[in-house]
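Engineer: Got a structure for you, protein.txt, holding compact mmCIF, C-alpha atoms.
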# COMPACT_ATOMS: atom_id res chain seq x y z
CA MET A 261 3.36 -20.23 -20.72
CA ALA A 262 2.35 -18.24 -17.67
CA VAL A 263 0.95 -14.82 -18.41
CA GLY A 264 1.79 -12.18 -15.86
CA ASN A 265 -0.66 -10.65 -13.46
CA LEU A 266 0.76 -7.14 -13.33
CA GLU A 267 -0.77 -5.70 -16.45
CA PHE A 268 0.16 -2.39 -17.96
CA ILE A 269 -2.91 -0.21 -18.52
CA LYS A 270 -1.70 3.15 -19.68
CA SER A 271 0.87 5.86 -19.16
CA ALA A 272 0.78 9.60 -19.33
CA SER A 273 3.51 12.16 -19.35
CA GLY A 274 4.21 15.77 -20.05
CA THR A 275 7.07 18.18 -20.34
CA SER A 276 7.12 21.71 -18.98
CA ILE A 277 3.98 21.04 -16.99
CA THR A 278 2.58 21.96 -13.62
CA SER A 279 0.10 19.09 -13.31
CA LEU A 280 -0.85 15.81 -14.92
CA SER A 281 -4.19 14.04 -15.18
CA VAL A 282 -4.57 10.36 -15.96
CA THR A 283 -8.15 9.45 -16.80
CA ASP A 284 -9.95 6.21 -17.59
CA CYS A 285 -7.28 4.03 -16.07
CA PHE A 286 -9.35 2.38 -13.31
CA SER A 287 -12.19 0.07 -14.30
CA ALA A 288 -14.02 -3.05 -13.26
CA SER A 289 -11.21 -5.14 -14.72
CA TYR A 290 -9.03 -4.91 -11.61
CA ASP A 291 -9.50 -4.36 -7.89
CA VAL A 292 -6.00 -3.12 -7.10
CA TYR A 293 -3.74 -0.80 -9.10
CA ALA A 294 -0.08 0.16 -8.94
CA ILE A 295 0.98 3.58 -10.14
CA LYS A 296 4.60 4.41 -10.89
CA LEU A 297 5.21 8.13 -10.72
CA ASP A 298 8.35 10.10 -11.66
CA ALA A 299 8.91 13.84 -11.60
CA ASP A 300 12.00 15.80 -12.46
CA GLY A 301 13.36 19.24 -13.25
CA TYR A 302 11.28 21.68 -11.20
CA ASN A 303 11.89 25.40 -11.44
CA ALA A 304 10.67 26.44 -7.99
CA ASN A 305 9.84 24.98 -4.60
CA SER A 306 7.10 22.42 -4.91
CA LEU A 307 5.00 19.69 -3.35
CA LEU A 308 3.26 17.24 -5.64
CA THR A 309 -0.15 16.13 -4.48
CA LEU A 310 -2.55 13.45 -5.67
CA GLN A 311 -6.31 13.70 -6.07
CA LEU A 312 -8.75 11.18 -7.51
CA ILE A 313 -10.99 11.64 -10.54
CA ASP A 314 -14.52 10.25 -10.62
CA ASN A 315 -16.43 8.66 -13.47
CA THR A 316 -17.68 12.03 -14.69
CA ASP A 317 -14.04 13.06 -15.15
CA THR A 318 -14.33 15.45 -12.21
CA THR A 319 -11.35 15.83 -9.95
CA ILE A 320 -12.51 15.32 -6.37
CA SER A 321 -11.22 18.28 -4.40
CA THR A 322 -13.69 18.29 -1.55
CA THR A 323 -12.60 17.73 2.03
CA SER A 324 -13.23 14.01 1.72
CA TYR A 325 -9.76 12.61 2.16
CA ASP A 326 -7.91 11.44 5.27
CA ASN A 327 -4.20 10.69 5.16
CA ALA A 328 -1.17 10.02 7.32
CA ASN A 329 2.38 10.29 6.04
CA LEU A 330 5.79 9.68 7.52
CA LEU A 331 8.40 11.83 5.86
CA LEU A 332 11.80 10.18 6.17
CA ARG A 333 14.73 12.51 5.62
CA THR A 334 18.48 12.42 5.86
CA ASP A 335 18.95 15.92 7.25
CA THR A 336 16.84 15.96 10.38
CA THR A 337 14.08 14.34 12.39
CA TYR A 338 11.38 12.57 10.45
CA ASN A 339 8.11 14.46 10.04
CA GLU A 340 4.68 13.09 10.81
CA LEU A 341 1.89 14.53 8.71
CA ARG A 342 -1.72 13.63 9.34
CA THR A 343 -4.86 15.26 8.08
CA THR A 344 -8.54 14.48 8.21
CA GLY A 345 -10.88 16.26 5.86
CA ASP A 346 -8.08 16.97 3.42
CA THR A 347 -8.65 18.01 -0.18
CA VAL A 348 -6.00 15.61 -1.48
CA LEU A 349 -5.36 11.90 -1.07
CA PHE A 350 -1.63 12.51 -0.56
CA SER A 351 -0.21 15.95 0.13
CA ARG A 352 3.38 14.93 -0.67
CA VAL A 353 3.13 12.06 -3.05
CA ILE A 354 6.85 12.32 -3.85
CA GLY A 355 8.26 14.10 -0.83
CA PHE A 356 8.99 17.74 -1.40
CA PHE A 357 11.40 19.79 -3.47
CA ASP A 358 13.58 22.65 -2.23
CA TYR A 359 14.49 24.51 -5.38
CA ASN A 360 16.81 27.10 -3.88
CA ASN A 361 19.04 24.47 -2.26
CA GLY A 362 18.47 21.81 -4.78
CA ALA A 363 20.23 19.53 -7.14
CA ARG A 364 16.75 19.36 -8.66
CA GLU A 365 17.00 15.67 -9.36
CA GLY A 366 13.36 14.98 -8.66
CA GLY A 367 11.95 11.73 -7.33
CA SER A 368 9.90 8.60 -7.89
CA GLY A 369 7.22 6.69 -6.11
CA ILE A 370 4.83 3.75 -6.15
CA ILE A 371 1.21 4.17 -5.14
CA TYR A 372 -1.25 1.32 -4.63
CA ILE A 373 -4.94 2.10 -5.06
CA PHE A 374 -7.46 -0.37 -3.62
CA ASN A 375 -10.98 -0.81 -4.98
CA PRO A 376 -11.33 2.56 -6.74
CA TYR A 377 -14.03 1.45 -9.13
CA THR A 378 -16.48 0.29 -6.50
CA ALA A 379 -19.04 2.43 -4.74
CA ASP A 380 -17.09 2.12 -1.54
CA TYR A 381 -14.29 4.02 0.15
CA THR A 382 -11.03 4.03 -1.82
CA PHE A 383 -7.89 3.17 0.14
CA ALA A 384 -4.29 3.81 -0.91
CA THR A 385 -0.70 3.44 0.18
CA CYS A 386 2.33 5.22 -1.24
CA GLN A 387 6.05 5.22 -0.86
CA SER A 388 8.55 7.43 -2.60
CA SER A 389 12.12 8.62 -2.67
CA SER A 390 13.58 11.90 -3.83
CA GLN A 391 16.57 14.14 -3.59
CA PHE A 392 14.94 17.21 -2.18
CA LYS A 393 18.06 19.34 -1.97
CA THR A 394 21.73 18.92 -2.64
CA GLY A 395 23.09 15.93 -0.80
CA GLN A 396 19.89 15.20 1.08
CA MET A 397 17.32 12.54 0.46
CA THR A 398 13.77 12.19 1.57
CA GLY A 399 11.41 9.29 1.41
CA GLN A 400 7.78 8.95 2.24
CA LYS A 401 5.51 6.23 3.54
CA GLY A 402 1.87 7.16 3.42
CA ILE A 403 -1.67 5.87 3.76
CA GLY A 404 -4.86 7.54 2.63
CA VAL A 405 -8.54 7.07 2.04
CA LEU A 406 -11.24 8.80 0.04
CA LYS A 407 -14.34 8.74 2.21
CA THR A 408 -16.92 8.92 -0.52
CA THR A 409 -18.64 6.27 -2.55
CA ASP A 410 -17.72 7.83 -5.89
CA VAL A 411 -16.67 5.48 -8.64
CA ILE A 412 -13.05 6.44 -9.32
CA THR A 413 -11.61 6.21 -12.81
CA GLY A 414 -8.42 8.26 -12.67
CA PHE A 415 -6.13 10.56 -10.75
CA HIS A 416 -4.69 14.04 -10.89
CA ILE A 417 -1.15 15.06 -9.94
CA THR A 418 -1.00 18.71 -9.00
CA GLN A 419 0.59 21.07 -6.49
CA ASP A 420 -0.62 22.48 -3.24
CA ALA A 421 0.17 26.18 -2.92
CA TYR A 422 2.97 25.95 -5.47
CA THR A 423 3.14 26.51 -9.19
CA ALA A 424 6.47 25.06 -10.20
CA THR A 425 6.95 23.89 -13.73
CA TYR A 426 8.42 20.42 -14.09
CA SER A 427 10.57 19.46 -17.03
CA ASP A 428 8.76 16.14 -17.01
CA ILE A 429 6.24 14.15 -15.03
CA ASN A 430 5.55 10.53 -15.95
CA ALA A 431 2.91 8.18 -14.62
CA SER A 432 2.33 4.56 -15.53
CA VAL A 433 -0.67 2.59 -14.31
CA PHE A 434 -0.76 -1.19 -13.85
CA GLY A 435 -3.57 -3.47 -12.83
CA VAL A 436 -2.78 -6.18 -10.28
CA LYS A 437 -4.92 -8.97 -11.62
CA MET B 268 2.13 -12.85 -26.37
CA ALA B 269 3.89 -10.62 -23.92
CA THR B 270 4.44 -12.37 -20.64
CA GLY B 271 4.63 -10.58 -17.35
CA SER B 272 6.69 -11.22 -14.29
CA LEU B 273 4.06 -11.15 -11.56
CA ILE B 274 2.44 -14.59 -11.57
CA LYS B 275 -0.73 -15.35 -9.66
CA ILE B 276 -0.42 -18.53 -7.60
CA ASP B 277 -3.34 -18.61 -5.21
CA GLU B 278 -6.37 -16.50 -4.42
CA GLU B 279 -8.93 -16.80 -1.66
CA ILE B 280 -12.12 -14.77 -1.81
CA VAL B 281 -14.25 -15.21 1.27
CA THR B 282 -17.83 -15.94 0.25
CA SER B 283 -19.13 -16.82 3.69
CA ALA B 284 -17.56 -16.01 7.01
CA VAL B 285 -14.47 -18.05 7.83
CA ALA B 286 -12.07 -17.99 10.76
CA SER B 287 -8.90 -18.07 8.70
CA VAL B 288 -7.53 -17.88 5.19
CA THR B 289 -4.47 -19.78 4.00
CA LEU B 290 -2.53 -18.95 0.88
CA THR B 291 -0.45 -21.85 -0.39
CA GLY B 292 1.99 -22.57 -3.17
CA ILE B 293 5.27 -21.01 -2.11
CA ASP B 294 8.20 -23.15 -3.23
CA SER B 295 11.47 -22.80 -5.10
CA THR B 296 9.84 -21.58 -8.30
CA TYR B 297 10.35 -17.96 -7.27
CA ASP B 298 12.70 -16.24 -4.85
CA VAL B 299 10.27 -13.50 -3.85
CA TYR B 300 6.50 -13.64 -3.44
CA MET B 301 3.93 -10.87 -3.06
CA VAL B 302 0.54 -10.91 -1.36
CA LYS B 303 -2.14 -8.35 -1.88
CA PHE B 304 -5.16 -8.23 0.37
CA GLU B 305 -8.17 -6.04 -0.06
CA ASN B 306 -11.50 -5.36 1.54
CA VAL B 307 -10.47 -7.50 4.50
CA THR B 308 -13.15 -7.09 7.13
CA PRO B 309 -13.72 -8.81 10.48
CA VAL B 310 -17.21 -9.99 11.30
CA THR B 311 -16.88 -8.42 14.74
CA ASP B 312 -15.83 -4.83 15.10
CA ASN B 313 -12.36 -3.79 16.23
CA LYS B 314 -10.18 -6.82 15.56
CA ASP B 315 -6.45 -7.09 14.86
CA LEU B 316 -5.42 -8.65 11.56
CA THR B 317 -2.72 -11.23 12.22
CA LEU B 318 -0.50 -13.60 10.26
CA GLN B 319 1.44 -16.81 10.76
CA LEU B 320 3.56 -18.64 8.21
CA THR B 321 2.96 -22.25 7.30
CA THR B 322 5.29 -25.22 7.11
CA SER B 323 3.97 -28.11 5.05
CA GLY B 324 0.65 -26.30 5.06
CA THR B 325 0.37 -26.05 8.84
CA PRO B 326 0.64 -22.71 10.66
CA ASP B 327 3.81 -22.31 12.69
CA THR B 328 2.49 -21.34 16.10
CA SER B 329 5.86 -21.12 17.80
CA SER B 330 6.94 -17.95 19.62
CA ASN B 331 9.60 -17.16 17.06
CA TYR B 332 8.04 -14.20 15.30
CA ASP B 333 9.81 -10.84 15.52
CA TYR B 334 8.49 -7.71 13.85
CA ALA B 335 8.81 -3.96 13.85
CA HIS B 336 6.72 -1.36 12.14
CA LYS B 337 5.66 2.22 12.15
CA ILE B 338 1.98 2.79 12.75
CA LEU B 339 0.67 5.63 10.63
CA ARG B 340 -2.59 7.11 11.86
CA THR B 341 -4.63 10.22 11.37
CA ASP B 342 -5.73 10.77 14.96
CA THR B 343 -2.51 11.09 16.94
CA THR B 344 1.26 10.69 17.00
CA PHE B 345 2.60 7.76 15.01
CA ASP B 346 3.67 4.76 17.04
CA ASN B 347 6.71 2.53 16.84
CA THR B 348 6.01 -1.15 17.41
CA GLY B 349 8.74 -3.68 18.07
CA VAL B 350 7.95 -7.21 19.24
CA THR B 351 10.19 -10.25 19.65
CA ASN B 352 9.47 -13.88 20.38
CA THR B 353 5.76 -13.77 19.85
CA ASP B 354 3.50 -16.27 18.13
CA LYS B 355 2.32 -14.19 15.16
CA PHE B 356 2.71 -11.00 13.20
CA THR B 357 0.07 -8.44 14.12
CA LEU B 358 -0.16 -6.52 10.89
CA VAL B 359 -2.66 -3.86 11.92
CA SER B 360 -4.80 -3.30 14.98
CA GLY B 361 -8.48 -2.62 15.48
CA VAL B 362 -9.92 -3.08 12.01
CA GLY B 363 -13.56 -2.08 11.91
CA ASN B 364 -16.51 -3.81 10.31
CA ALA B 365 -18.92 -0.97 9.53
CA THR B 366 -19.54 0.24 6.01
CA GLY B 367 -16.28 1.59 4.65
CA GLU B 368 -14.14 -0.05 7.28
CA ASN B 369 -11.69 -2.65 6.03
CA ALA B 370 -7.99 -3.32 5.55
CA ASN B 371 -5.95 -3.29 2.35
CA GLY B 372 -2.27 -3.88 1.78
CA VAL B 373 0.71 -5.56 0.19
CA ILE B 374 3.19 -8.01 1.72
CA TYR B 375 6.48 -9.14 0.22
CA CYS B 376 7.87 -12.54 1.23
CA PHE B 377 11.57 -13.39 1.11
CA ASN B 378 13.56 -16.60 1.67
CA PHE B 379 10.48 -18.68 2.38
CA ASP B 380 11.69 -21.76 0.54
CA ASN B 381 15.22 -21.62 1.92
CA ALA B 382 15.41 -24.24 4.69
CA SER B 383 18.66 -22.84 6.03
CA GLU B 384 17.47 -19.25 6.38
CA TYR B 385 14.83 -17.34 8.29
CA SER B 386 11.66 -16.22 6.47
CA PHE B 387 11.27 -12.47 6.07
CA VAL B 388 8.30 -10.26 5.25
CA THR B 389 7.84 -6.58 4.58
CA TYR B 390 4.40 -4.99 4.53
CA GLU B 391 2.44 -1.81 4.10
CA MET B 392 -1.27 -1.36 4.55
CA SER B 393 -4.09 1.07 4.96
CA ALA B 394 -7.25 0.49 6.98
CA PHE B 395 -10.11 2.20 8.72
CA ASN B 396 -10.28 1.37 12.36
CA ALA B 397 -13.34 0.55 14.37
CA ASP B 398 -14.60 4.04 15.02
CA LEU B 399 -14.63 5.11 11.37
CA THR B 400 -12.71 8.22 12.31
CA THR B 401 -9.13 7.03 12.06
CA VAL B 402 -7.25 5.82 9.06
CA ILE B 403 -4.55 3.54 10.36
CA GLY B 404 -1.81 1.62 8.63
CA SER B 405 1.51 0.03 9.27
CA THR B 406 4.75 -0.06 7.33
CA GLY B 407 7.47 -2.40 8.46
CA GLY B 408 8.77 -5.91 8.44
CA GLY B 409 9.13 -9.13 10.33
CA THR B 410 11.01 -12.38 10.56
CA LEU B 411 10.14 -15.91 11.59
CA THR B 412 13.42 -16.70 13.31
CA VAL B 413 13.54 -20.38 12.48
CA ALA B 414 15.82 -21.80 9.80
CA GLN B 415 13.17 -23.73 7.95
CA ALA B 416 11.27 -23.69 4.71
CA THR B 417 7.88 -22.01 4.86
CA ASP B 418 5.31 -22.51 2.15
CA GLY B 419 2.34 -20.28 2.80
CA LEU B 420 0.59 -17.60 4.81
CA TYR B 421 -2.17 -18.11 7.37
CA PHE B 422 -4.29 -15.04 8.06
CA PHE B 423 -6.60 -14.84 11.05
CA ASN B 424 -8.26 -12.28 13.24
CA GLU B 425 -7.83 -11.49 16.89
CA SER B 426 -9.95 -13.65 19.20
CA SER B 427 -10.68 -16.16 16.42
CA ASP B 428 -13.10 -13.75 14.84
CA ASN B 429 -14.21 -14.56 11.30
CA PHE B 430 -13.41 -12.79 8.06
CA ALA B 431 -16.49 -11.34 6.41
CA SER B 432 -17.60 -12.14 2.88
CA GLY B 433 -15.66 -10.20 0.28
CA SER B 434 -12.33 -10.33 2.09
CA THR B 435 -9.80 -11.17 -0.61
CA PHE B 436 -6.23 -12.47 -0.41
CA THR B 437 -4.01 -13.15 -3.43
CA LEU B 438 -0.53 -14.65 -3.68
CA TYR B 439 1.85 -13.90 -6.56
CA GLY B 440 5.35 -14.99 -7.47
CA LEU B 441 7.89 -12.52 -8.79
CA LYS B 442 9.45 -14.22 -11.76
CA LYS B 443 13.21 -14.81 -11.57
Have the structure of the file written as structure tokens, please.
Structural biologist:
Amino acid sequence: MAVGNLEFIKSASGTSITSLSVTDCFSASYDVYAIKLDADGYNANSLLTLQLIDNTDTTISTTSYDNANLLLRTDTTYNELRTTGDTVLFSRVIGFFDYNNGAREGGSGIIYIFNPYTADYTFATCQSSSQFKTGQMTGQKGIGVLKTTDVITGFHITQDAYTATYSDINASVFGVK
Amino acid sequence: MATGSLIKIDEEIVTSAVASVTLTGIDSTYDVYMVKFENVTPVTDNKDLTLQLTTSGTPDTSSNYDYAHKILRTDTTFDNTGVTNTDKFTLVSGVGNATGENANGVIYCFNFDNASEYSFVTYEMSAFNADLTTVIGSTGGGTLTVAQATDGLYFFNESSDNFASGSTFTLYGLKK
């Protein structure tokens, strides 16, 4: 019997939270990881961002990230976001959330992380979909890199310039064997 | 034992420089296949990463490849690429070969084993280009507009440049 090659590693979740850390999920066992991320029920405007955590359990928040993101949206022209020397790997890992005009349905995304556990640059792609306000959807396609040789063992979901509380944030990590 | 639904079929890890990498094993077992590639590095700086599909193990070199993608990049405005009737998919341009420069991504393959349909791919990837200042990636899709069965993927670099050691390509089937 064939055993699958997408292997569940761990999940983390929280309710009434503003951020979520997932540690010790990247190791030498896999080169490539898939992260499924869901967030729902925010109580204010918000952008969820993603940072990486090194093998000393330190969240890397230095200006060591570069990223480029295409924000697809149903209400107007798509947005191009590009940053070098950013403090986050993705500045809108699940689009953005407009609380005041919102159905507040939240969103979901898939992030691939390439070679985090090696002493080399860590590359990533992400794509997500969310209802950012009533009747309007947004999606995101993004690429990013961490330009340090840190050994990466986890990631941190937080907010940039916002402090919304989410009713729940869930992350599941899989190794692509 | 719990069994998963992503089944590894073929993997090629370059251990000494080679001009191409072929992933084989696509047949009727699965409807959809996935390829991941990582640490893909040209021996010579600034080379496009390209792809052809194989029939009976041989690359289809006909000018029947159509593709369109958005180029995401950190240095300037994103580009739209749309190409018809060309002889390959150009997945990403100008991959570098210095420390830290390489290409990584995921490709999904549809309808490959269906002899009466075209073969479709979607892809997304992230790479450092040749000047180590620009992160560049593409997100899009393509079609080999020939109604034929295809059974593999043939990766090669622009100008017949070699892949460096450590370049890794893996093919999976998505269980029905």
Engineer: Looking at A:Gly435, A:Gly345, A:Gly366, A:Gly264, which one is nearest to Cys285 (chain A), with distances taken over all atoms listed in the file?
Structural biologist: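 When distances to Cys285 (chain A) are compared using all atoms listed in the file, the smallest one comes from A:Gly435.
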Engineer: Could the residues of chain B within 7 Å of chain A, counting only C-alpha atoms, be given as a ChimeraX atom specification, please?
Structural biologist: /B:270-275,305,339-341,367,371,392-393,402,404
Engineer: Could you turn the residues from that selection into a file that holds C-alpha atoms, as a PDB file, in the coordinates of the input?
Structural biologist:
ATOM      1  CA  THR B 270       4.440 -12.370 -20.640  1.00  0.00           C
ATOM      2  CA  GLY B 271       4.630 -10.580 -17.350  1.00  0.00           C
ATOM      3  CA  SER B 272       6.690 -11.220 -14.290  1.00  0.00           C
ATOM      4  CA  LEU B 273       4.060 -11.150 -11.560  1.00  0.00           C
ATOM      5  CA  ILE B 274       2.440 -14.590 -11.570  1.00  0.00           C
ATOM      6  CA  LYS B 275      -0.730 -15.350  -9.660  1.00  0.00           C
ATOM      7  CA  GLU B 305      -8.170  -6.040  -0.060  1.00  0.00           C
ATOM      8  CA  LEU B 339       0.670   5.630  10.630  1.00  0.00           C
ATOM      9  CA  ARG B 340      -2.590   7.110  11.860  1.00  0.00           C
ATOM     10  CA  THR B 341      -4.630  10.220  11.370  1.00  0.00           C
ATOM     11  CA  GLY B 367     -16.280   1.590   4.650  1.00  0.00           C
ATOM     12  CA  ASN B 371      -5.950  -3.290   2.350  1.00  0.00           C
ATOM     13  CA  MET B 392      -1.270  -1.360   4.550  1.00  0.00           C
ATOM     14  CA  SER B 393      -4.090   1.070   4.960  1.00  0.00           C
ATOM     15  CA  VAL B 402      -7.250   5.820   9.060  1.00  0.00           C
ATOM     16  CA  GLY B 404      -1.810   1.620   8.630  1.00  0.00           C
TER      17      GLY B 404
END
Engineer: When you count all atoms listed in the file, which of these residues is closest to Thr410 (chain B): B:Ser426, B:Asn331, B:Ser432, B:Asn364?
Structural biologist: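 Looking at the shortest contact to Thr410 (chain B), the residue is B:Asn331.
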Engineer: Using Å and a single decimal, report how far CA of Ile338 (chain B) sits from CA of Ile374 (chain B).
Structural biologist: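 CA of Ile338 (chain B) lies 15.5 Å from CA of Ile374 (chain B).
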Engineer: Just give me the gap between CA of Gly372 (chain B) and CA of Met301 (chain B) in Å, one decimal is fine.
Structural biologist: 10.5 Å
Engineer: Using all atoms listed in the file, collect all residues at a distance of at most 9 Å from (-14.6, -17.4, -0.2) as written in the file, then present them as an MDAnalysis selection string.
Structural biologist: chainID B and resid 279:285 288 432:435
Engineer: Since we have the selection now, will you write its residues out, keeping C-alpha atoms, as a PDB file, in the coordinates of the input?
Structural biologist:
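The file below, result_4.pdb, is the result:
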ATOM      1  CA  GLU B 279      -8.930 -16.800  -1.660  1.00  0.00           C
ATOM      2  CA  ILE B 280     -12.120 -14.770  -1.810  1.00  0.00           C
ATOM      3  CA  VAL B 281     -14.250 -15.210   1.270  1.00  0.00           C
ATOM      4  CA  THR B 282     -17.830 -15.940   0.250  1.00  0.00           C
ATOM      5  CA  SER B 283     -19.130 -16.820   3.690  1.00  0.00           C
ATOM      6  CA  ALA B 284     -17.560 -16.010   7.010  1.00  0.00           C
ATOM      7  CA  VAL B 285     -14.470 -18.050   7.830  1.00  0.00           C
ATOM      8  CA  VAL B 288      -7.530 -17.880   5.190  1.00  0.00           C
ATOM      9  CA  SER B 432     -17.600 -12.140   2.880  1.00  0.00           C
ATOM     10  CA  GLY B 433     -15.660 -10.200   0.280  1.00  0.00           C
ATOM     11  CA  SER B 434     -12.330 -10.330   2.090  1.00  0.00           C
ATOM     12  CA  THR B 435      -9.800 -11.170  -0.610  1.00  0.00           C
TER      13      THR B 435
END
Engineer: If you count all atoms listed in the file, which residues fall within 6 Å of region 307-321 of chain A, apart from same-chain ones fewer than 6 positions away, as number ranges by chain?
Structural biologist: A: 347-353, 356, 411-419
Engineer: Between A:Ala431, A:Leu331, A:Ala421, A:Ile269, which has the minimum distance to Tyr290 (chain A) (counting all atoms listed in the file)?
Structural biologist: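 Selected residue with least distance to Tyr290 (chain A): A:Ile269.
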Engineer: Find the residues around Asp333 (chain B) up to 6 Å (all atoms listed in the file counted), leave out those fewer than 6 positions away in its own chain, and share them as a list of chain:residue names.
Structural biologist: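 So the residues in contact are B:Val350, B:Thr351, B:Asn352, B:Gly409, B:Thr410.
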Engineer: With distances taken over only C-alpha atoms, which residue among B:Phe430, B:Tyr385, B:Tyr421, B:Tyr375 lies nearest Thr328 (chain B)?
Structural biologist: B:Tyr421
